[in-house]
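Report on one structure; see the data block that follows.
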Amino acid sequence: MQRRTTVLVLMAAAVALAAGTDSALAQKRGGILKFAVSAEPPDYDCHAATSFAFIHPVRPHYNTLLKFDEPNYPKVKGDLARSWEVSPDGLTYTFRLKPNVKFHDGTPMTSADVKASYERIVNPPPGVRSIRKAAYEDIASIETPDPLTVVFKLKARNASMLTNFASPWDCIYSAAKLKADPKFPEKNVLGTGPFKFVEHAAGSHWVGERFADYFEKDRPYLDGFRAIFITNTAARVNALQAGEVLTEFRGHSPADRDKLKAALGDKIEVMESPWVCSLIVTFNTEKKPFDDARVRRALSLAVDRWRGAEGLSKVALVRHVGGALRPGYELAATEADLVKYPGFGKDINAARAEARKLLEQAGVKDLKFKFLNRNIPMPYTPVGVFLINEWRQIGVTAEHEQPETRAYMANLRGGNYEAGLDFNCDAVDDPNLQLAKFISADKSPINYGRYKDAKLDDLYEKQKRELDAKKRYALLREFEQHAFTQAYTVPIVWWHRIIVNWKQMKGWHMSPSHYINQDLQDVWLDQ
Amino acid sequence: MLRYIVKRLLMMIPTLLGVAVLVFVLLRMLPGDIVELRFAMEGGRVSEEVMQAERVRLGLDKPIWRQFVDWMTGIFVGDFGTSMWTGRPVITEISSRLELSLQVAIMATLLAVIIAIPLGTLSALFKDTFIDHAIRVFAIAGLAVPSFWLGMLIILGLLYAFNWIPPLTYTPIYVDPWKNLSQLIWPAMAVGYRYSAVATRMTRSTLLEVFNEDYIRTARAKGVYERLVVSRHAIPNAMLPVVTVVGLEFAFLIGGLVVTEQVFNLNGIGKLFVETVTRADYTMVQALVMLVAVFFIIVNFVVDLLYAVLDPRIRYG
């Protein structure tokens, strides 16, 4: 047995060596990667950030404990962690750290820094904002038996814990700096990442340069990067077309992709993927007649998602029909599962007949309501128009309201709406994250339907604690069946991510999230 | 004259106070706040507890009157506060963009004056001829075409003709004049065209009025050369309304180039205005509105003083 293992290890090493040699021959050192970012980070603290506008320029300066294995997403791999093990009861996570990791000021990174960073997330000191504290509420203690080992002990099992440890937001900070000032990361950038911070010109650009003492051998390949803030979509596309930037990592609309393809032909590469982002309709259950499940279900049944997704994909950055989880994700409903849920069947005539019957049973005639939507043309407006037309097919009239974002958010969060188009976007595929939209309002800050449903809460908790993937899958299907039958909040269509980059940019991998794979460690320029 | 200047300066205080009250109240009448936008705009799962703590940190939990008093007290001691979005001082945020906006405004103004005064004069001199018609078409087109749209056309033209667009980031003129001008000449042209159209029409119409004045008739009757009649008697007297228009347009350009700056990706005051309004960054919006108000008041004041220089009949006492 031992001999067989040795042979396997040697074979794996030979393959890795061959791949490494091949890569070393192909990859080139040097160059500055210029890319566009459509917004700008407000401050520099990973633990308080929520936007991709933060991740794209800031993430290359930092490392996290784990990260996503880019070509094999959603598998995770070590970033600062060399290896890790999970105890059989799922309550202890032990990480062994890579040696010789240094911060950009030359000080060594040890387990104390990991502990201080996670303590800051789990128990933020006064005045420190920890946005994702709830995701780590199961952590009971963090121990550091030696400088290269960190042990997390949990109060309860959590099936998403490894995903959490790969979160792009969990930057590891210097314990010494945090001790001196817990708010140090808000105004300073000091990480262990492949690039050192050089400059942030507010409103204009962000510059990073190669960290010569980076712990990964021969990385990064680039001499540096320059993120240019370009808020206007047309200006971004023009900059890409002119070669002033080589890419933009969030995503383009189908029209912009086609324009760039026509203008640049084979000079560019187009990568596409389903996106961890969905558009959902939320009904305010405190307003009549949306307090009646039959009315909500009728409105869900009236929508032909399959035809709609196909048509909308031609004009908007949406394409996929899915449930609460991203289509294609290993724990998401398959098409066979989906068609069993109310509103997801393929016989639209039968669904609409049932919808009319439900409205009649509920005593609702000539239903008219205001439909709240975001005033962002892509993809909110076309999806809103599509939905209104679908509801018209069962005699329901919806008036499209698209106030500016500030009023939209305030009305949605404050319950000042009847039905609205909401969105569910996350950094990664994770049922604990995506299902939070559907559980009771007193348990989730992002439930805008203002309802409570003990069954959904119970199923959510069960799937969160279930480490067996098959059993978790079954619980998730039960959750979706109940959620879509009650139809408080129903998914309509999932986003489709389109990335266009100049072919000389290499080593970057497409993923379903615009928040991950952004450390630029393996990116190089073929020039 | 000195008494007049002091009086005008003192009159600025109630005007600015009125602007301050108006912007402060209007901003807070809209639903939602910066905390919601910052944490929930991209779907962040942020608890109400964290949101409330952030409101306390930003001082949004205080009564409205207290927030106003704090802000006004700060202004009187020269402290405009910090941006609620970035945490950086408001003065730093504005000053890093003001240089660019001022340069575009100055370039556009120069361009407009260089185009408008000769064209307006020619148009008036050759009234109802082909030259007049051509200049009027040029001017009306300038008024009809929005600056940002012309800016888009310029960029697309450069992109398709030379596969080139102006630089995306700002370089001060004293660092690299060529790079600076290659970025800013295009927006200055886009804005300057509309600006020159307004000034051309104003120059033409006032010159036509002036040509009918007795002193012009007298000069011509005395046999003064037509060139001298126009340059010494007509143009200086026709400049009063033109100076007013040029002054107001200049003030408008500081902060008014909202869309044009976005089209050219200029990191100026107009772009900052849009971003801060979208983010409900109260301290920044308040400071920007005050800045624009101060510009308008100062430009008006300077224009009034220029009247006395241009027209000897005007004396302030």
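FYI, nothing fancy with the structure tokens labels: chains A, B, ... in order, residues from 1 per chain, ligands from 1 as they appear.
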TODO: May I ask you to extract the residues of chain B within 6 Å of chain A, using only C-alpha atoms, and to give them as a PyMOL selection string?
DONE: chain B and resi 31-32+43-44+46-47+85-86+163-164+262-263+267
Could you pull the residues within 12 Å of A:Trp206, counting only C-alpha atoms, minus those fewer than 3 positions along the same chain, as a PDB file with N, CA and C atoms, in the first residue's frame?
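What follows is the written file around03.pdb:
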```
ATOM      1  N   LEU A  33       0.223  45.599 -16.194  1.00  0.00           N
ATOM      2  CA  LEU A  33      -1.140  45.300 -16.642  1.00  0.00           C
ATOM      3  C   LEU A  33      -2.027  46.502 -16.351  1.00  0.00           C
ATOM      4  N   LYS A  34      -2.639  47.029 -17.416  1.00  0.00           N
ATOM      5  CA  LYS A  34      -3.581  48.135 -17.225  1.00  0.00           C
ATOM      6  C   LYS A  34      -4.994  47.582 -17.391  1.00  0.00           C
ATOM      7  N   PHE A  35      -5.822  47.781 -16.405  1.00  0.00           N
ATOM      8  CA  PHE A  35      -7.209  47.327 -16.538  1.00  0.00           C
ATOM      9  C   PHE A  35      -8.171  48.393 -16.009  1.00  0.00           C
ATOM     10  N   ALA A  36      -9.412  48.298 -16.475  1.00  0.00           N
ATOM     11  CA  ALA A  36     -10.425  49.283 -16.076  1.00  0.00           C
ATOM     12  C   ALA A  36     -11.229  48.758 -14.901  1.00  0.00           C
ATOM     13  N   VAL A  37     -11.640  49.664 -14.027  1.00  0.00           N
ATOM     14  CA  VAL A  37     -12.560  49.320 -12.938  1.00  0.00           C
ATOM     15  C   VAL A  37     -13.686  50.346 -13.009  1.00  0.00           C
ATOM     16  N   ALA A  39     -15.824  51.326 -10.859  1.00  0.00           N
ATOM     17  CA  ALA A  39     -16.127  52.113  -9.653  1.00  0.00           C
ATOM     18  C   ALA A  39     -14.842  52.174  -8.833  1.00  0.00           C
ATOM     19  N   GLU A  40     -14.937  52.788  -7.664  1.00  0.00           N
ATOM     20  CA  GLU A  40     -13.723  53.032  -6.888  1.00  0.00           C
ATOM     21  C   GLU A  40     -13.930  52.625  -5.436  1.00  0.00           C
ATOM     22  N   PRO A  41     -12.925  52.011  -4.804  1.00  0.00           N
ATOM     23  CA  PRO A  41     -13.122  51.624  -3.400  1.00  0.00           C
ATOM     24  C   PRO A  41     -13.169  52.847  -2.488  1.00  0.00           C
ATOM     25  N   TYR A  44      -9.776  51.251   2.401  1.00  0.00           N
ATOM     26  CA  TYR A  44      -8.874  50.151   2.057  1.00  0.00           C
ATOM     27  C   TYR A  44      -9.070  48.903   2.938  1.00  0.00           C
ATOM     28  N   ALA A  53     -15.437  46.757  -6.759  1.00  0.00           N
ATOM     29  CA  ALA A  53     -14.578  47.922  -7.006  1.00  0.00           C
ATOM     30  C   ALA A  53     -13.445  47.957  -5.999  1.00  0.00           C
ATOM     31  N   PHE A  54     -13.645  47.305  -4.885  1.00  0.00           N
ATOM     32  CA  PHE A  54     -12.596  47.179  -3.880  1.00  0.00           C
ATOM     33  C   PHE A  54     -11.664  46.019  -4.245  1.00  0.00           C
ATOM     34  N   HIS A  56     -10.939  44.454  -7.054  1.00  0.00           N
ATOM     35  CA  HIS A  56     -10.070  44.481  -8.240  1.00  0.00           C
ATOM     36  C   HIS A  56      -8.746  45.225  -8.011  1.00  0.00           C
ATOM     37  N   PRO A  57      -8.768  46.425  -7.433  1.00  0.00           N
ATOM     38  CA  PRO A  57      -7.454  47.040  -7.186  1.00  0.00           C
ATOM     39  C   PRO A  57      -6.763  46.587  -5.896  1.00  0.00           C
ATOM     40  N   VAL A  58      -7.532  46.191  -4.871  1.00  0.00           N
ATOM     41  CA  VAL A  58      -6.922  45.957  -3.548  1.00  0.00           C
ATOM     42  C   VAL A  58      -6.448  44.519  -3.332  1.00  0.00           C
ATOM     43  N   ARG A  59      -7.171  43.556  -3.872  1.00  0.00           N
ATOM     44  CA  ARG A  59      -6.859  42.150  -3.610  1.00  0.00           C
ATOM     45  C   ARG A  59      -5.426  41.759  -3.992  1.00  0.00           C
ATOM     46  N   PRO A  60      -4.827  42.338  -5.061  1.00  0.00           N
ATOM     47  CA  PRO A  60      -3.447  41.950  -5.392  1.00  0.00           C
ATOM     48  C   PRO A  60      -2.419  42.299  -4.302  1.00  0.00           C
ATOM     49  N   HIS A  61      -2.828  43.082  -3.301  1.00  0.00           N
ATOM     50  CA  HIS A  61      -1.887  43.441  -2.236  1.00  0.00           C
ATOM     51  C   HIS A  61      -1.956  42.463  -1.064  1.00  0.00           C
ATOM     52  N   VAL A 189      -2.462  50.276   3.177  1.00  0.00           N
ATOM     53  CA  VAL A 189      -2.446  48.973   2.493  1.00  0.00           C
ATOM     54  C   VAL A 189      -1.122  48.301   2.818  1.00  0.00           C
ATOM     55  N   PHE A 195       1.704  42.081  -4.932  1.00  0.00           N
ATOM     56  CA  PHE A 195       2.007  43.456  -5.352  1.00  0.00           C
ATOM     57  C   PHE A 195       1.983  44.411  -4.154  1.00  0.00           C
ATOM     58  N   LYS A 196       2.971  45.312  -4.140  1.00  0.00           N
ATOM     59  CA  LYS A 196       3.026  46.346  -3.107  1.00  0.00           C
ATOM     60  C   LYS A 196       2.208  47.549  -3.568  1.00  0.00           C
ATOM     61  N   PHE A 197       1.632  48.217  -2.596  1.00  0.00           N
ATOM     62  CA  PHE A 197       0.850  49.415  -2.906  1.00  0.00           C
ATOM     63  C   PHE A 197       1.788  50.573  -3.264  1.00  0.00           C
ATOM     64  N   VAL A 198       1.467  51.281  -4.340  1.00  0.00           N
ATOM     65  CA  VAL A 198       2.277  52.437  -4.737  1.00  0.00           C
ATOM     66  C   VAL A 198       1.474  53.737  -4.605  1.00  0.00           C
ATOM     67  N   GLU A 199       0.292  53.737  -5.214  1.00  0.00           N
ATOM     68  CA  GLU A 199      -0.444  55.002  -5.265  1.00  0.00           C
ATOM     69  C   GLU A 199      -1.932  54.783  -5.503  1.00  0.00           C
ATOM     70  N   HIS A 200      -2.742  55.607  -4.854  1.00  0.00           N
ATOM     71  CA  HIS A 200      -4.165  55.685  -5.177  1.00  0.00           C
ATOM     72  C   HIS A 200      -4.479  57.151  -5.450  1.00  0.00           C
ATOM     73  N   ALA A 201      -4.662  57.484  -6.708  1.00  0.00           N
ATOM     74  CA  ALA A 201      -5.059  58.848  -7.065  1.00  0.00           C
ATOM     75  C   ALA A 201      -6.583  58.860  -7.092  1.00  0.00           C
ATOM     76  N   ALA A 202      -7.185  59.484  -6.092  1.00  0.00           N
ATOM     77  CA  ALA A 202      -8.642  59.438  -5.931  1.00  0.00           C
ATOM     78  C   ALA A 202      -9.368  59.849  -7.204  1.00  0.00           C
ATOM     79  N   GLY A 203     -10.300  58.988  -7.616  1.00  0.00           N
ATOM     80  CA  GLY A 203     -11.100  59.280  -8.805  1.00  0.00           C
ATOM     81  C   GLY A 203     -10.395  58.957 -10.110  1.00  0.00           C
ATOM     82  N   GLU A 209       3.045  47.646  -7.470  1.00  0.00           N
ATOM     83  CA  GLU A 209       4.282  47.174  -8.103  1.00  0.00           C
ATOM     84  C   GLU A 209       4.673  45.819  -7.531  1.00  0.00           C
ATOM     85  N   GLY A 224       4.025  45.154 -12.453  1.00  0.00           N
ATOM     86  CA  GLY A 224       3.056  45.941 -11.692  1.00  0.00           C
ATOM     87  C   GLY A 224       1.715  45.978 -12.393  1.00  0.00           C
ATOM     88  N   PHE A 225       0.777  46.691 -11.771  1.00  0.00           N
ATOM     89  CA  PHE A 225      -0.522  46.860 -12.420  1.00  0.00           C
ATOM     90  C   PHE A 225      -0.997  48.288 -12.207  1.00  0.00           C
ATOM     91  N   ARG A 226      -1.871  48.693 -13.073  1.00  0.00           N
ATOM     92  CA  ARG A 226      -2.466  50.031 -12.987  1.00  0.00           C
ATOM     93  C   ARG A 226      -3.961  49.882 -13.236  1.00  0.00           C
ATOM     94  N   ALA A 227      -4.747  50.083 -12.204  1.00  0.00           N
ATOM     95  CA  ALA A 227      -6.210  50.009 -12.330  1.00  0.00           C
ATOM     96  C   ALA A 227      -6.723  51.418 -12.603  1.00  0.00           C
ATOM     97  N   ILE A 228      -7.442  51.579 -13.694  1.00  0.00           N
ATOM     98  CA  ILE A 228      -7.944  52.913 -14.050  1.00  0.00           C
ATOM     99  C   ILE A 228      -9.448  52.954 -13.818  1.00  0.00           C
ATOM    100  N   PHE A 229      -9.879  53.919 -13.037  1.00  0.00           N
ATOM    101  CA  PHE A 229     -11.306  54.014 -12.718  1.00  0.00           C
ATOM    102  C   PHE A 229     -12.030  54.706 -13.869  1.00  0.00           C
ATOM    103  N   ILE A 230     -12.923  53.959 -14.534  1.00  0.00           N
ATOM    104  CA  ILE A 230     -13.694  54.520 -15.654  1.00  0.00           C
ATOM    105  C   ILE A 230     -15.156  54.189 -15.394  1.00  0.00           C
TER     106      ILE A 230
ATOM    107  N   THR B 169      -5.912  59.232 -17.824  1.00  0.00           N
ATOM    108  CA  THR B 169      -5.611  59.831 -16.519  1.00  0.00           C
ATOM    109  C   THR B 169      -4.937  61.186 -16.728  1.00  0.00           C
TER     110      THR B 169
END
```
Task: DSSP alpha helix (DSSP H) selection over stretch 49-120 of chain B, as a PyMOL selection string - done: chain B and resi 49-58+64-76+90-120
Task: Proximity to A:Gly384 - best of A:Glu401, A:Glu272, A:Glu216, A:Asp266, only C-alpha atoms - done: A:Glu401
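The gap separating atom CA of A:Trp495 from atom CA of A:Leu301 is 20.7 Å, in Å to one decimal.
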Near-stretch 462-464 of chain A list (7 Å; only C-alpha atoms; drop same-chain fewer than 4 positions) as an mmCIF file with N, CA and C atoms, in the first residue's frame:
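Writing the result to result04.cif gives the following:
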```cif
data_model
loop_
_atom_site.group_PDB
_atom_site.id
_atom_site.type_symbol
_atom_site.label_atom_id
_atom_site.label_comp_id
_atom_site.auth_asym_id
_atom_site.auth_seq_id
_atom_site.Cartn_x
_atom_site.Cartn_y
_atom_site.Cartn_z
ATOM 1 N N ASN A 158 -20.300 23.517 10.311
ATOM 2 C CA ASN A 158 -20.767 24.467 9.290
ATOM 3 C C ASN A 158 -20.231 24.000 7.936
ATOM 4 N N ALA A 159 -21.154 23.587 7.077
ATOM 5 C CA ALA A 159 -20.756 23.000 5.788
ATOM 6 C C ALA A 159 -20.053 24.006 4.878
ATOM 7 N N ASN A 432 -25.324 28.880 2.081
ATOM 8 C CA ASN A 432 -25.534 29.755 3.253
ATOM 9 C C ASN A 432 -25.696 31.211 2.835
ATOM 10 N N ASP A 458 -35.811 26.481 9.393
ATOM 11 C CA ASP A 458 -35.378 25.162 9.895
ATOM 12 C C ASP A 458 -34.561 24.424 8.827
ATOM 13 N N ARG A 472 -27.188 17.197 1.963
ATOM 14 C CA ARG A 472 -27.358 18.654 1.860
ATOM 15 C C ARG A 472 -28.113 19.006 0.571
ATOM 16 N N LEU A 475 -31.764 18.432 1.117
ATOM 17 C CA LEU A 475 -32.347 19.497 1.955
ATOM 18 C C LEU A 475 -32.550 20.784 1.153
ATOM 19 N N LEU A 476 -31.607 21.038 0.275
ATOM 20 C CA LEU A 476 -31.710 22.248 -0.559
ATOM 21 C C LEU A 476 -32.899 22.179 -1.503
#
```
Task: Between atom CA of A:Ala309 and atom CA of A:Val321, distance in Å (one decimal) - done: 6.5 Å
Within 12 Å of A:Phe484, counting only C-alpha atoms, which residues qualify if same-chain residues fewer than 4 places away don't, as an mmCIF file with N, CA and C atoms, in the first residue's frame?
```cif
data_model
loop_
_atom_site.group_PDB
_atom_site.id
_atom_site.type_symbol
_atom_site.label_atom_id
_atom_site.label_comp_id
_atom_site.auth_asym_id
_atom_site.auth_seq_id
_atom_site.Cartn_x
_atom_site.Cartn_y
_atom_site.Cartn_z
ATOM 1 N N ILE A 280 -34.426 38.565 -8.992
ATOM 2 C CA ILE A 280 -35.542 37.886 -8.341
ATOM 3 C C ILE A 280 -36.688 38.872 -8.132
ATOM 4 N N VAL A 281 -37.898 38.331 -8.120
ATOM 5 C CA VAL A 281 -39.041 39.185 -7.808
ATOM 6 C C VAL A 281 -39.389 38.964 -6.344
ATOM 7 N N THR A 282 -39.505 40.051 -5.620
ATOM 8 C CA THR A 282 -39.870 39.979 -4.201
ATOM 9 C C THR A 282 -41.217 40.654 -4.010
ATOM 10 N N ALA A 293 -50.532 33.665 -0.590
ATOM 11 C CA ALA A 293 -49.579 32.832 -1.347
ATOM 12 C C ALA A 293 -50.096 32.513 -2.746
ATOM 13 N N ARG A 294 -51.432 32.416 -2.884
ATOM 14 C CA ARG A 294 -52.001 32.080 -4.201
ATOM 15 C C ARG A 294 -51.724 33.187 -5.214
ATOM 16 N N ARG A 296 -49.221 35.399 -5.092
ATOM 17 C CA ARG A 296 -47.774 35.423 -5.382
ATOM 18 C C ARG A 296 -47.408 34.288 -6.343
ATOM 19 N N ARG A 297 -47.977 33.094 -6.045
ATOM 20 C CA ARG A 297 -47.651 31.932 -6.889
ATOM 21 C C ARG A 297 -48.187 32.144 -8.309
ATOM 22 N N ALA A 298 -49.362 32.753 -8.402
ATOM 23 C CA ALA A 298 -49.948 33.008 -9.731
ATOM 24 C C ALA A 298 -49.008 33.886 -10.555
ATOM 25 N N LEU A 299 -48.465 34.902 -9.911
ATOM 26 C CA LEU A 299 -47.567 35.822 -10.631
ATOM 27 C C LEU A 299 -46.266 35.126 -11.020
ATOM 28 N N SER A 300 -45.847 34.179 -10.199
ATOM 29 C CA SER A 300 -44.641 33.414 -10.552
ATOM 30 C C SER A 300 -44.934 32.451 -11.703
ATOM 31 N N LEU A 301 -46.121 31.831 -11.640
ATOM 32 C CA LEU A 301 -46.504 30.875 -12.692
ATOM 33 C C LEU A 301 -46.640 31.550 -14.063
ATOM 34 N N GLY A 322 -32.628 29.294 -13.237
ATOM 35 C CA GLY A 322 -32.137 28.570 -12.067
ATOM 36 C C GLY A 322 -33.000 28.832 -10.860
ATOM 37 N N GLY A 323 -32.742 28.064 -9.817
ATOM 38 C CA GLY A 323 -33.479 28.229 -8.568
ATOM 39 C C GLY A 323 -32.735 29.189 -7.652
ATOM 40 N N ALA A 324 -32.612 28.777 -6.378
ATOM 41 C CA ALA A 324 -31.952 29.658 -5.423
ATOM 42 C C ALA A 324 -30.441 29.651 -5.599
ATOM 43 N N LEU A 338 -35.656 21.484 -11.436
ATOM 44 C CA LEU A 338 -36.284 22.803 -11.601
ATOM 45 C C LEU A 338 -37.713 22.718 -12.126
ATOM 46 N N VAL A 339 -37.901 21.913 -13.163
ATOM 47 C CA VAL A 339 -39.218 21.905 -13.823
ATOM 48 C C VAL A 339 -40.334 21.400 -12.902
ATOM 49 N N LYS A 340 -39.939 20.830 -11.764
ATOM 50 C CA LYS A 340 -40.971 20.380 -10.813
ATOM 51 C C LYS A 340 -41.451 21.519 -9.913
ATOM 52 N N TYR A 341 -40.687 22.604 -9.856
ATOM 53 C CA TYR A 341 -41.077 23.712 -8.978
ATOM 54 C C TYR A 341 -42.152 24.562 -9.659
ATOM 55 N N PRO A 342 -43.091 25.133 -8.855
ATOM 56 C CA PRO A 342 -44.101 26.008 -9.449
ATOM 57 C C PRO A 342 -43.439 27.211 -10.133
ATOM 58 N N GLY A 343 -43.829 27.444 -11.381
ATOM 59 C CA GLY A 343 -43.277 28.598 -12.099
ATOM 60 C C GLY A 343 -42.064 28.258 -12.942
ATOM 61 N N PHE A 344 -41.561 27.055 -12.813
ATOM 62 C CA PHE A 344 -40.351 26.690 -13.562
ATOM 63 C C PHE A 344 -40.632 25.619 -14.622
ATOM 64 N N PHE A 438 -33.941 34.146 1.288
ATOM 65 C CA PHE A 438 -35.267 33.525 1.368
ATOM 66 C C PHE A 438 -35.741 33.246 2.803
ATOM 67 N N LEU A 456 -38.740 27.314 6.384
ATOM 68 C CA LEU A 456 -37.546 27.714 5.618
ATOM 69 C C LEU A 456 -36.339 27.909 6.542
ATOM 70 N N ARG A 477 -33.167 20.969 -2.032
ATOM 71 C CA ARG A 477 -34.314 20.822 -2.936
ATOM 72 C C ARG A 477 -35.619 21.021 -2.167
ATOM 73 N N GLU A 478 -35.640 20.495 -0.933
ATOM 74 C CA GLU A 478 -36.834 20.656 -0.105
ATOM 75 C C GLU A 478 -37.056 22.151 0.192
ATOM 76 N N PHE A 479 -35.956 22.832 0.471
ATOM 77 C CA PHE A 479 -36.018 24.276 0.747
ATOM 78 C C PHE A 479 -36.613 25.012 -0.457
ATOM 79 N N GLU A 480 -36.079 24.727 -1.636
ATOM 80 C CA GLU A 480 -36.538 25.432 -2.843
ATOM 81 C C GLU A 480 -38.014 25.140 -3.131
ATOM 82 N N TYR A 488 -42.685 33.844 -1.874
ATOM 83 C CA TYR A 488 -42.456 35.179 -1.292
ATOM 84 C C TYR A 488 -41.473 35.941 -2.190
ATOM 85 N N THR A 489 -40.454 35.182 -2.582
ATOM 86 C CA THR A 489 -39.365 35.733 -3.381
ATOM 87 C C THR A 489 -39.038 34.668 -4.420
ATOM 88 N N VAL A 490 -39.103 35.027 -5.703
ATOM 89 C CA VAL A 490 -38.884 33.982 -6.725
ATOM 90 C C VAL A 490 -37.792 34.389 -7.725
ATOM 91 N N PRO A 491 -36.848 33.483 -7.970
ATOM 92 C CA PRO A 491 -35.827 33.791 -8.983
ATOM 93 C C PRO A 491 -36.453 33.858 -10.377
ATOM 94 N N ILE A 492 -35.955 34.795 -11.173
ATOM 95 C CA ILE A 492 -36.451 34.930 -12.547
ATOM 96 C C ILE A 492 -35.387 34.452 -13.530
#
```
Open item on the list: Let me make sure I understand: among A:Leu412, A:Ala353, A:Leu162, A:Leu325, which one has the smallest atom-to-atom distance to A:Arg374 if we use only C-alpha atoms?
Closed with: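 Smallest distance to A:Arg374 is found for A:Leu412.
Those residues that approach stretch 250-253 of chain B to within 9 Å, counting only C-alpha atoms, are Ser101, Leu102, Val104, Ala105, Ile106, Ala108, Thr109, Val191, Tyr195, Val245, Gly270, Val292, Ala293, Phe295, Phe296, Ile297, Ile298, Val299 and Asn300 of chain B; same-chain residues fewer than 5 positions away are not listed.
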